[in-house]
file final.txt (compact mmCIF, C-alpha atoms and all ligand atoms)
# COMPACT_ATOMS: atom_id res chain seq x y z
CA MET J 24 19.16 54.42 130.60
CA SER J 25 22.00 54.06 133.02
CA ASP J 26 24.44 56.60 134.44
CA LEU J 27 27.95 55.73 133.26
CA LEU J 28 28.54 59.25 131.91
CA LYS J 29 26.33 61.21 134.29
CA ASN J 30 27.37 64.85 134.78
CA LYS J 31 30.13 64.51 132.21
CA ASN J 32 30.46 67.28 129.65
CA ILE J 33 31.37 65.67 126.36
CA LEU J 34 32.23 67.46 123.13
CA ILE J 35 31.32 65.55 120.00
CA MET J 36 32.87 66.67 116.71
CA GLY J 37 31.90 65.07 113.42
CA VAL J 38 28.16 64.44 113.32
CA ARG J 39 27.08 64.90 109.74
CA ASN J 40 23.91 62.82 109.54
CA LYS J 41 22.24 59.79 111.07
CA TRP J 42 24.83 57.43 109.60
CA SER J 43 27.75 59.25 111.24
CA ILE J 44 29.88 57.29 113.69
CA ALA J 45 29.86 60.43 115.86
CA TRP J 46 26.07 60.21 115.96
CA GLY J 47 26.17 56.59 117.09
CA ILE J 48 28.54 57.64 119.86
CA ALA J 49 26.40 60.64 120.79
CA GLN J 50 23.28 58.51 121.22
CA ALA J 51 25.08 55.98 123.39
CA ALA J 52 26.67 58.72 125.51
CA LYS J 53 23.34 60.50 125.92
CA ALA J 54 21.70 57.26 127.08
CA GLN J 55 24.33 57.17 129.85
CA GLY J 56 23.45 60.64 131.06
CA ALA J 57 26.19 62.72 129.40
CA ASN J 58 25.80 66.45 128.73
CA LEU J 59 26.54 66.67 125.03
CA ILE J 60 28.12 69.56 123.19
CA PHE J 61 28.18 69.25 119.40
CA THR J 62 30.03 70.95 116.59
CA TYR J 63 28.86 71.10 112.99
CA LEU J 64 30.63 72.07 109.80
CA GLY J 65 28.11 73.96 107.68
CA ASP J 66 24.47 75.00 107.47
CA ARG J 67 23.36 71.67 106.04
CA GLU J 68 25.01 69.79 108.89
CA LYS J 69 23.54 72.22 111.39
CA GLU J 70 20.03 71.48 110.18
CA SER J 71 20.67 67.77 110.14
CA LEU J 72 22.09 67.91 113.67
CA LEU J 73 19.15 69.90 115.01
CA LYS J 74 16.74 67.41 113.49
CA LEU J 75 18.61 64.44 114.91
CA THR J 76 18.78 65.93 118.38
CA SER J 77 15.26 67.36 118.49
CA ASP J 78 14.14 64.80 121.09
CA MET J 79 17.28 65.08 123.23
CA GLY J 80 16.12 68.04 125.23
CA GLU J 81 18.84 70.52 125.97
CA ILE J 82 21.66 70.24 123.46
CA ASP J 83 24.34 72.69 122.61
CA ALA J 84 25.88 73.11 119.15
CA TYR J 85 28.59 75.32 117.73
CA PRO J 86 29.86 75.82 114.19
CA CYS J 87 33.40 74.57 113.77
CA ASP J 88 35.58 74.09 110.75
CA VAL J 89 38.67 72.55 112.35
CA GLY J 90 40.82 74.25 109.74
CA SER J 91 39.72 77.65 111.05
CA GLU J 92 41.68 79.10 113.97
CA GLU J 93 38.83 81.53 114.54
CA ASP J 94 36.17 78.78 114.80
CA MET J 95 38.35 76.76 117.16
CA ASP J 96 39.07 79.77 119.38
CA SER J 97 35.41 80.67 119.73
CA LEU J 98 34.30 77.06 120.24
CA PHE J 99 36.63 76.46 123.16
CA SER J 100 36.08 79.85 124.75
CA ALA J 101 32.32 79.26 124.56
CA ILE J 102 32.72 75.87 126.23
CA LYS J 103 34.97 77.38 128.87
CA SER J 104 32.55 80.12 129.79
CA LYS J 105 29.42 77.96 129.67
CA TYR J 106 30.70 74.73 131.28
CA GLY J 107 34.06 75.52 132.83
CA VAL J 108 35.06 71.86 132.76
CA LEU J 109 35.22 69.34 129.92
CA HIS J 110 35.35 65.59 130.64
CA GLY J 111 35.27 64.02 127.20
CA LEU J 112 36.09 64.75 123.58
CA VAL J 113 35.14 62.72 120.53
CA HIS J 114 37.05 63.59 117.36
CA ALA J 115 35.35 61.88 114.41
CA ILE J 116 36.68 64.03 111.60
CA ALA J 117 38.65 63.13 108.48
CA PHE J 118 38.96 64.39 104.96
CA ALA J 119 40.76 63.58 101.75
CA LYS J 120 40.17 64.69 98.18
CA SER J 121 38.13 62.10 96.34
CA GLU J 122 40.71 61.95 93.54
CA ASP J 123 43.30 60.92 96.11
CA LEU J 124 41.10 57.96 97.12
CA GLN J 125 40.71 56.85 93.52
CA ASP J 126 43.96 57.46 91.74
CA THR J 127 47.07 55.44 92.54
CA PHE J 128 48.73 56.22 95.88
CA VAL J 129 51.98 57.42 94.35
CA ASN J 130 50.02 60.05 92.44
CA THR J 131 48.92 61.73 95.68
CA SER J 132 49.37 65.48 95.16
CA LYS J 133 51.23 67.64 97.66
CA ASP J 134 48.05 69.62 98.06
CA GLY J 135 45.97 66.53 98.71
CA PHE J 136 48.55 65.22 101.16
CA ARG J 137 48.56 68.46 103.12
CA LEU J 138 44.79 68.71 103.18
CA ALA J 139 44.27 65.14 104.38
CA MET J 140 46.93 65.47 107.08
CA ASP J 141 45.69 68.88 108.15
CA ILE J 142 42.02 67.95 108.56
CA SER J 143 42.45 64.33 109.64
CA VAL J 144 45.52 64.59 111.89
CA TYR J 145 46.47 68.13 112.85
CA SER J 146 42.87 68.85 113.85
CA PHE J 147 43.18 66.09 116.45
CA ILE J 148 46.38 67.54 117.90
CA ASP J 149 44.82 70.98 117.93
CA VAL J 150 41.61 69.93 119.71
CA ALA J 151 43.58 67.82 122.18
CA LYS J 152 45.66 70.86 123.07
CA ARG J 153 42.59 73.02 123.58
CA ALA J 154 40.48 70.36 125.34
CA GLN J 155 43.15 69.46 127.91
CA GLU J 156 43.09 72.99 129.24
CA LEU J 157 39.43 72.47 130.15
CA MET J 158 39.87 68.90 131.45
CA THR J 159 40.74 69.99 134.96
CA GLU J 160 39.06 66.96 136.54
CA GLY J 161 40.80 64.48 134.24
CA GLY J 162 39.25 63.37 130.99
CA SER J 163 39.03 61.09 128.02
CA ILE J 164 39.86 61.96 124.42
CA LEU J 165 38.71 59.64 121.69
CA THR J 166 39.28 59.55 117.93
CA LEU J 167 38.36 57.21 115.09
CA THR J 168 40.73 55.32 112.85
CA TYR J 169 40.75 52.52 110.31
CA ARG J 170 42.93 49.47 109.72
CA GLY J 171 44.13 51.00 106.44
CA SER J 172 46.74 52.68 108.70
CA VAL J 173 48.67 49.44 109.23
CA LYS J 174 47.65 47.20 106.32
CA VAL J 175 47.10 48.12 102.70
CA SER J 176 43.46 48.69 101.77
CA PRO J 177 43.67 49.38 98.04
CA GLY J 178 42.17 52.83 97.46
CA TYR J 179 42.43 54.03 101.06
CA ASN J 180 45.74 55.59 100.02
CA ILE J 181 46.56 58.90 101.69
CA MET J 182 43.93 58.25 104.37
CA GLY J 183 45.97 55.22 105.42
CA VAL J 184 49.01 57.43 105.86
CA ALA J 185 46.93 60.02 107.71
CA LYS J 186 45.45 57.39 110.03
CA ALA J 187 48.94 56.05 110.78
CA ALA J 188 49.93 59.57 111.82
CA LEU J 189 46.71 59.91 113.80
CA GLU J 190 47.39 56.68 115.70
CA ALA J 191 50.92 57.84 116.52
CA SER J 192 49.43 61.15 117.67
CA VAL J 193 47.15 59.23 120.04
CA ARG J 194 50.23 57.63 121.64
CA TYR J 195 52.19 60.88 121.96
CA ALA J 196 49.22 62.81 123.30
CA SER J 197 48.40 60.05 125.79
CA TYR J 198 51.99 60.17 127.06
CA GLU J 199 51.90 63.91 127.58
CA LEU J 200 48.43 64.20 129.07
CA GLY J 201 48.65 61.21 131.40
CA ASN J 202 49.88 63.26 134.35
CA LYS J 203 46.63 65.23 134.23
CA ASN J 204 44.65 61.98 134.24
CA ILE J 205 43.56 62.61 130.68
CA ARG J 206 43.41 59.40 128.67
CA VAL J 207 43.69 59.34 124.87
CA ASN J 208 42.56 56.38 122.77
CA ALA J 209 41.25 55.50 119.33
CA ILE J 210 38.60 53.14 118.05
CA SER J 211 39.63 51.39 114.86
CA ALA J 212 36.22 50.77 113.33
CA GLY J 213 35.43 48.06 110.84
CA PRO J 214 34.02 49.34 107.56
CA ILE J 215 30.67 51.01 108.08
CA LYS J 216 28.34 52.70 105.63
CA THR J 217 28.70 56.38 106.40
CA MET J 218 28.58 59.40 104.13
CA SER J 219 32.39 59.20 103.82
CA ALA J 220 32.20 55.60 102.67
CA LYS J 221 29.60 56.52 100.05
CA GLY J 222 32.22 57.96 97.75
CA VAL J 223 34.24 54.74 97.86
CA LYS J 224 33.72 52.48 94.88
CA ASN J 225 33.22 48.80 95.71
CA PHE J 226 32.57 49.63 99.35
CA SER J 227 29.80 47.04 99.47
CA ASP J 228 32.35 44.40 98.37
CA ILE J 229 34.45 45.35 101.41
CA LEU J 230 31.40 44.92 103.65
CA ASP J 231 30.71 41.50 102.09
CA VAL J 232 34.26 40.30 102.72
CA VAL J 233 34.12 41.32 106.38
CA GLU J 234 30.75 39.66 106.87
CA LYS J 235 32.11 36.44 105.45
CA LYS J 236 35.54 36.37 107.12
CA ALA J 237 35.16 38.13 110.46
CA PRO J 238 34.85 35.88 113.53
CA LEU J 239 31.46 37.39 114.35
CA LYS J 240 30.26 36.85 110.74
CA ARG J 241 28.82 40.32 110.47
CA ASN J 242 29.74 43.96 110.06
CA VAL J 243 29.85 46.38 112.96
CA THR J 244 27.06 48.81 113.75
CA LEU J 245 26.87 52.31 115.18
CA GLU J 246 25.63 50.66 118.38
CA ASP J 247 28.80 48.56 118.61
CA LEU J 248 30.90 51.69 118.29
CA GLY J 249 28.69 53.68 120.66
CA LYS J 250 29.02 51.09 123.42
CA THR J 251 32.81 51.04 123.14
CA ALA J 252 32.88 54.83 123.15
CA VAL J 253 30.89 54.85 126.41
CA TYR J 254 33.50 52.52 127.89
CA LEU J 255 36.37 54.67 126.65
CA LEU J 256 34.81 57.97 127.71
CA GLY J 257 33.89 56.80 131.17
CA ASP J 258 35.51 55.43 134.29
CA LEU J 259 35.22 51.78 133.20
CA SER J 260 38.39 52.30 131.14
CA SER J 261 40.29 54.15 133.88
CA GLY J 262 43.50 52.19 133.30
CA LEU J 263 43.52 52.42 129.52
CA THR J 264 45.36 55.03 127.50
CA GLY J 265 47.32 55.34 124.25
CA GLU J 266 45.45 52.37 122.82
CA ILE J 267 43.96 51.61 119.42
CA ILE J 268 40.95 49.36 120.03
CA TYR J 269 39.63 47.38 117.05
CA ILE J 270 35.85 47.25 116.92
CA ASP J 271 35.58 45.26 113.72
CA ALA J 272 33.79 42.00 114.56
CA GLY J 273 37.29 40.53 114.91
CA TYR J 274 38.21 40.92 111.24
CA ASN J 275 41.74 42.24 111.92
CA ILE J 276 42.96 39.08 113.66
CA MET J 277 42.43 36.91 110.61
CA GLY J 278 45.11 35.53 108.30
CA VAL J 279 44.27 33.75 105.07
C1 LIG K 1 37.54 59.22 104.81
C2 LIG K 1 36.81 58.62 103.80
C3 LIG K 1 37.93 58.48 105.92
C4 LIG K 1 36.43 57.32 103.92
C5 LIG K 1 36.81 56.58 105.02
C6 LIG K 1 37.56 57.16 106.03
N1 LIG K 1 37.80 56.22 106.97
C7 LIG K 1 37.22 55.09 106.58
N2 LIG K 1 36.61 55.29 105.40
C8 LIG K 1 35.88 54.29 104.67
C9 LIG K 1 36.77 53.57 103.72
C10 LIG K 1 37.28 54.22 102.62
C11 LIG K 1 38.11 53.56 101.72
C12 LIG K 1 38.43 52.26 101.91
C13 LIG K 1 37.94 51.59 103.01
C14 LIG K 1 37.11 52.28 103.91
C15 LIG K 1 36.40 59.37 102.58
C16 LIG K 1 36.53 60.86 102.73
C17 LIG K 1 37.79 61.25 103.38
C18 LIG K 1 37.91 60.65 104.76
O1 LIG K 1 39.25 51.66 100.98
C19 LIG K 1 39.45 50.32 101.03
C20 LIG K 1 38.68 54.29 100.54
call {"tool": "encode", "arguments": {"input": "final.txt", "output": "structure tokens"}}
result
Amino acid sequence: MSDLLKNKNILIMGVRNKWSIAWGIAQAAKAQGANLIFTYLGDREKESLLKLTSDMGEIDAYPCDVGSEEDMDSLFSAIKSKYGVLHGLVHAIAFAKSEDLQDTFVNTSKDGFRLAMDISVYSFIDVAKRAQELMTEGGSILTLTYRGSVKVSPGYNIMGVAKAALEASVRYASYELGNKNIRVNAISAGPIKTMSAKGVKNFSDILDVVEKKAPLKRNVTLEDLGKTAVYLLGDLSSGLTGEIIYIDAGYNIMGV
């Protein structure tokens, strides 16, 4: 263990189970001495989170459905009264209806569009607004995206559109929060087997292609993402904001 995030209060949203990218980030941040605050979505996730963190000593967890104004209000007022100051925020939340990730893109329903944008994009804007009020010593806000935002990944569909909006939101938020020394960045992760990816047919084919074509000849791991998150959350990245960093074993640089 080292101390890159010592005495930093970091809110981690989006741990669902041990495969979650948010969990990979949490472990790496903890190993650098961070004080972690978690949110969970439902009772099943709460149990899973408590199990995962059972050997972490003191951890703090709050229920939060990002679509609920009430949950968000009580989460941030709890953090304010318990910690006073927030230094980091990890937003690792996205959602789309499974039919919208299977059907053709042009068949995306208005409902499905709204839901995906609401949970995957607006939630980021909303938490950034709330977190910055507590980031009185400066801070770092981090979200997760995927290359389907800028290139067509057949089937990624509405999530690609949502991630494009999320990446633009990172740039606008970083512009506005810069004068408070709050930096805002995103990690664009290579494909990784999480619960979200489970519903994607032929996901293992995608993993095979990356392993074959990526410069590093492998897929990325939660450890790869965790290490980059430590860099982004901490002072090592003090001059970096508004950026989308690809952690994908180099896959995105390749042409045919
Ligand atoms: C969501 C899902 C967001 C899956 C996601 C995601 N970001 C990356 N993935 C994995 C993925 C999914 C597809 C894909 C490539 C990678 C599912 C639930 C909603 C949020 O297609 C090529 C479809």
call {"tool": "residues_near_ligand", "arguments": {"input": "final.txt", "ligand": "ligand LIG 1 (chain K)", "cutoff": "8 Å", "atoms": "all atoms listed in the file", "output": "mmCIF file with C-alpha atoms, in the coordinates of the input"}}
result
data_model
loop_
_atom_site.group_PDB
_atom_site.id
_atom_site.type_symbol
_atom_site.label_atom_id
_atom_site.label_comp_id
_atom_site.auth_asym_id
_atom_site.auth_seq_id
_atom_site.Cartn_x
_atom_site.Cartn_y
_atom_site.Cartn_z
ATOM 1 C CA ILE J 116 36.680 64.030 111.600
ATOM 2 C CA ALA J 117 38.650 63.130 108.480
ATOM 3 C CA PHE J 118 38.960 64.390 104.960
ATOM 4 C CA ALA J 119 40.760 63.580 101.750
ATOM 5 C CA LYS J 120 40.170 64.690 98.180
ATOM 6 C CA SER J 121 38.130 62.100 96.340
ATOM 7 C CA LEU J 124 41.100 57.960 97.120
ATOM 8 C CA GLN J 125 40.710 56.850 93.520
ATOM 9 C CA ALA J 139 44.270 65.140 104.380
ATOM 10 C CA SER J 143 42.450 64.330 109.640
ATOM 11 C CA THR J 168 40.730 55.320 112.850
ATOM 12 C CA TYR J 169 40.750 52.520 110.310
ATOM 13 C CA GLY J 171 44.130 51.000 106.440
ATOM 14 C CA SER J 176 43.460 48.690 101.770
ATOM 15 C CA PRO J 177 43.670 49.380 98.040
ATOM 16 C CA GLY J 178 42.170 52.830 97.460
ATOM 17 C CA TYR J 179 42.430 54.030 101.060
ATOM 18 C CA ASN J 180 45.740 55.590 100.020
ATOM 19 C CA MET J 182 43.930 58.250 104.370
ATOM 20 C CA PRO J 214 34.020 49.340 107.560
ATOM 21 C CA ILE J 215 30.670 51.010 108.080
ATOM 22 C CA LYS J 216 28.340 52.700 105.630
ATOM 23 C CA THR J 217 28.700 56.380 106.400
ATOM 24 C CA MET J 218 28.580 59.400 104.130
ATOM 25 C CA SER J 219 32.390 59.200 103.820
ATOM 26 C CA ALA J 220 32.200 55.600 102.670
ATOM 27 C CA LYS J 221 29.600 56.520 100.050
ATOM 28 C CA GLY J 222 32.220 57.960 97.750
ATOM 29 C CA VAL J 223 34.240 54.740 97.860
ATOM 30 C CA LYS J 224 33.720 52.480 94.880
ATOM 31 C CA PHE J 226 32.570 49.630 99.350
ATOM 32 C CA ILE J 229 34.450 45.350 101.410
#
call {"tool": "residues_around", "arguments": {"input": "final.txt", "residues": "Leu34 of chain J", "least_positions_apart": "6", "cutoff": "7 Å", "atoms": "only C-alpha atoms", "output": "list in words"}}
result
Leu59, Ile60, Phe61, Gly111, Leu112 and Val113 of chain J
call {"tool": "atom_distance", "arguments": {"input": "final.txt", "atom1": "atom CA of Asn275 of chain J", "atom2": "atom CA of Leu27 of chain J"}}
result
28.8 Å
call {"tool": "residues_around", "arguments": {"input": "final.txt", "residues": "segment 260-271 of chain J", "least_positions_apart": "3", "cutoff": "6 Å", "atoms": "only C-alpha atoms", "output": "MDAnalysis selection string"}}
result
chainID J and resid 193:194 197 206:213 243 254:255 274
call {"tool": "residues_around", "arguments": {"input": "final.txt", "residues": "Lys186 of chain J", "least_positions_apart": "2", "cutoff": "9 Å", "atoms": "all atoms listed in the file", "output": "list in words"}}
result
Met140, Ser143, Val144, Leu167, Thr168, Tyr169, Arg170, Gly171, Ser172, Val173, Ile181, Met182, Gly183, Val184, Ala188, Leu189, Glu190 and Ala191 of chain J
call {"tool": "atom_distance", "arguments": {"input": "final.txt", "atom1": "atom CA of Val150 of chain J", "atom2": "atom CA of Ser91 of chain J"}}
result
11.8 Å
call {"tool": "residues_around", "arguments": {"input": "final.txt", "residues": "Lys236 of chain J", "least_positions_apart": "4", "cutoff": "8 Å", "atoms": "only C-alpha atoms", "output": "count of residues only"}}
result
4
call {"tool": "closest_residue", "arguments": {"input": "final.txt", "among": "J:Gly37, J:Gly161, J:Gly135, J:Gly47", "to": "Cys87 of chain J", "atoms": "all atoms listed in the file"}}
result
J:Gly37
call {"tool": "build_atoms", "arguments": {"input": "final.txt", "residues": "segment 71-82 of chain J", "atoms": "all heavy atoms", "output": "PDB file, keeping the file's coordinate frame"}}
result
ATOM      1  N   SER J  71      20.717  69.216 109.921  1.00  0.00           N
ATOM      2  CA  SER J  71      20.670  67.770 110.140  1.00  0.00           C
ATOM      3  C   SER J  71      20.877  67.444 111.620  1.00  0.00           C
ATOM      4  O   SER J  71      20.185  66.598 112.188  1.00  0.00           O
ATOM      5  CB  SER J  71      21.716  67.139 109.224  1.00  0.00           C
ATOM      6  OG  SER J  71      22.037  65.871 109.609  1.00  0.00           O
ATOM      7  N   LEU J  72      21.807  68.134 112.248  1.00  0.00           N
ATOM      8  CA  LEU J  72      22.090  67.910 113.670  1.00  0.00           C
ATOM      9  C   LEU J  72      20.894  68.310 114.539  1.00  0.00           C
ATOM     10  O   LEU J  72      20.519  67.587 115.465  1.00  0.00           O
ATOM     11  CB  LEU J  72      23.334  68.713 114.077  1.00  0.00           C
ATOM     12  CG  LEU J  72      23.781  68.586 115.530  1.00  0.00           C
ATOM     13  CD1 LEU J  72      24.290  67.187 115.817  1.00  0.00           C
ATOM     14  CD2 LEU J  72      24.873  69.606 115.850  1.00  0.00           C
ATOM     15  N   LEU J  73      20.286  69.446 114.219  1.00  0.00           N
ATOM     16  CA  LEU J  73      19.150  69.900 115.010  1.00  0.00           C
ATOM     17  C   LEU J  73      17.974  68.941 114.889  1.00  0.00           C
ATOM     18  O   LEU J  73      17.256  68.683 115.854  1.00  0.00           O
ATOM     19  CB  LEU J  73      18.740  71.322 114.592  1.00  0.00           C
ATOM     20  CG  LEU J  73      19.774  72.412 114.939  1.00  0.00           C
ATOM     21  CD1 LEU J  73      19.293  73.789 114.513  1.00  0.00           C
ATOM     22  CD2 LEU J  73      20.118  72.401 116.425  1.00  0.00           C
ATOM     23  N   LYS J  74      17.801  68.398 113.684  1.00  0.00           N
ATOM     24  CA  LYS J  74      16.740  67.410 113.490  1.00  0.00           C
ATOM     25  C   LYS J  74      17.021  66.152 114.312  1.00  0.00           C
ATOM     26  O   LYS J  74      16.148  65.649 115.008  1.00  0.00           O
ATOM     27  CB  LYS J  74      16.681  67.036 111.991  1.00  0.00           C
ATOM     28  CG  LYS J  74      15.301  67.259 111.365  1.00  0.00           C
ATOM     29  CD  LYS J  74      15.213  66.579 110.009  1.00  0.00           C
ATOM     30  CE  LYS J  74      14.900  67.569 108.904  1.00  0.00           C
ATOM     31  NZ  LYS J  74      15.164  67.029 107.560  1.00  0.00           N
ATOM     32  N   LEU J  75      18.235  65.668 114.204  1.00  0.00           N
ATOM     33  CA  LEU J  75      18.610  64.440 114.910  1.00  0.00           C
ATOM     34  C   LEU J  75      18.416  64.578 116.418  1.00  0.00           C
ATOM     35  O   LEU J  75      18.006  63.632 117.096  1.00  0.00           O
ATOM     36  CB  LEU J  75      20.072  64.086 114.641  1.00  0.00           C
ATOM     37  CG  LEU J  75      20.417  63.508 113.277  1.00  0.00           C
ATOM     38  CD1 LEU J  75      21.932  63.425 113.122  1.00  0.00           C
ATOM     39  CD2 LEU J  75      19.786  62.147 113.094  1.00  0.00           C
ATOM     40  N   THR J  76      18.757  65.747 116.935  1.00  0.00           N
ATOM     41  CA  THR J  76      18.780  65.930 118.380  1.00  0.00           C
ATOM     42  C   THR J  76      17.494  66.533 118.925  1.00  0.00           C
ATOM     43  O   THR J  76      17.427  66.872 120.107  1.00  0.00           O
ATOM     44  CB  THR J  76      19.966  66.832 118.789  1.00  0.00           C
ATOM     45  OG1 THR J  76      19.867  68.062 118.071  1.00  0.00           O
ATOM     46  CG2 THR J  76      21.291  66.184 118.469  1.00  0.00           C
ATOM     47  N   SER J  77      16.472  66.643 118.076  1.00  0.00           N
ATOM     48  CA  SER J  77      15.260  67.360 118.490  1.00  0.00           C
ATOM     49  C   SER J  77      14.592  66.736 119.715  1.00  0.00           C
ATOM     50  O   SER J  77      13.933  67.437 120.478  1.00  0.00           O
ATOM     51  CB  SER J  77      14.271  67.448 117.333  1.00  0.00           C
ATOM     52  OG  SER J  77      13.937  66.149 116.911  1.00  0.00           O
ATOM     53  N   ASP J  78      14.769  65.432 119.920  1.00  0.00           N
ATOM     54  CA  ASP J  78      14.140  64.800 121.090  1.00  0.00           C
ATOM     55  C   ASP J  78      15.131  64.591 122.243  1.00  0.00           C
ATOM     56  O   ASP J  78      14.854  63.843 123.173  1.00  0.00           O
ATOM     57  CB  ASP J  78      13.496  63.474 120.697  1.00  0.00           C
ATOM     58  CG  ASP J  78      14.515  62.472 120.178  1.00  0.00           C
ATOM     59  OD1 ASP J  78      15.680  62.877 119.959  1.00  0.00           O
ATOM     60  OD2 ASP J  78      14.160  61.292 120.012  1.00  0.00           O
ATOM     61  N   MET J  79      16.267  65.281 122.187  1.00  0.00           N
ATOM     62  CA  MET J  79      17.280  65.080 123.230  1.00  0.00           C
ATOM     63  C   MET J  79      17.171  66.107 124.348  1.00  0.00           C
ATOM     64  O   MET J  79      17.967  66.094 125.282  1.00  0.00           O
ATOM     65  CB  MET J  79      18.687  65.167 122.630  1.00  0.00           C
ATOM     66  CG  MET J  79      19.206  63.854 122.087  1.00  0.00           C
ATOM     67  SD  MET J  79      20.940  63.993 121.676  1.00  0.00           S
ATOM     68  CE  MET J  79      21.324  62.287 121.264  1.00  0.00           C
ATOM     69  N   GLY J  80      16.217  66.986 124.232  1.00  0.00           N
ATOM     70  CA  GLY J  80      16.120  68.040 125.230  1.00  0.00           C
ATOM     71  C   GLY J  80      17.212  69.061 125.000  1.00  0.00           C
ATOM     72  O   GLY J  80      17.481  69.427 123.863  1.00  0.00           O
ATOM     73  N   GLU J  81      17.855  69.461 126.087  1.00  0.00           N
ATOM     74  CA  GLU J  81      18.840  70.520 125.970  1.00  0.00           C
ATOM     75  C   GLU J  81      20.120  70.049 125.290  1.00  0.00           C
ATOM     76  O   GLU J  81      20.870  69.236 125.826  1.00  0.00           O
ATOM     77  CB  GLU J  81      19.195  71.034 127.382  1.00  0.00           C
ATOM     78  CG  GLU J  81      19.871  72.391 127.345  1.00  0.00           C
ATOM     79  CD  GLU J  81      20.409  72.806 128.708  1.00  0.00           C
ATOM     80  OE1 GLU J  81      19.772  72.449 129.724  1.00  0.00           O
ATOM     81  OE2 GLU J  81      21.460  73.487 128.743  1.00  0.00           O
ATOM     82  N   ILE J  82      20.374  70.527 124.084  1.00  0.00           N
ATOM     83  CA  ILE J  82      21.660  70.240 123.460  1.00  0.00           C
ATOM     84  C   ILE J  82      22.287  71.573 123.048  1.00  0.00           C
ATOM     85  O   ILE J  82      21.619  72.580 122.891  1.00  0.00           O
ATOM     86  CB  ILE J  82      21.582  69.290 122.245  1.00  0.00           C
ATOM     87  CG1 ILE J  82      20.936  70.002 121.062  1.00  0.00           C
ATOM     88  CG2 ILE J  82      20.948  67.969 122.581  1.00  0.00           C
ATOM     89  CD1 ILE J  82      21.820  70.007 119.857  1.00  0.00           C
TER      90      ILE J  82
END
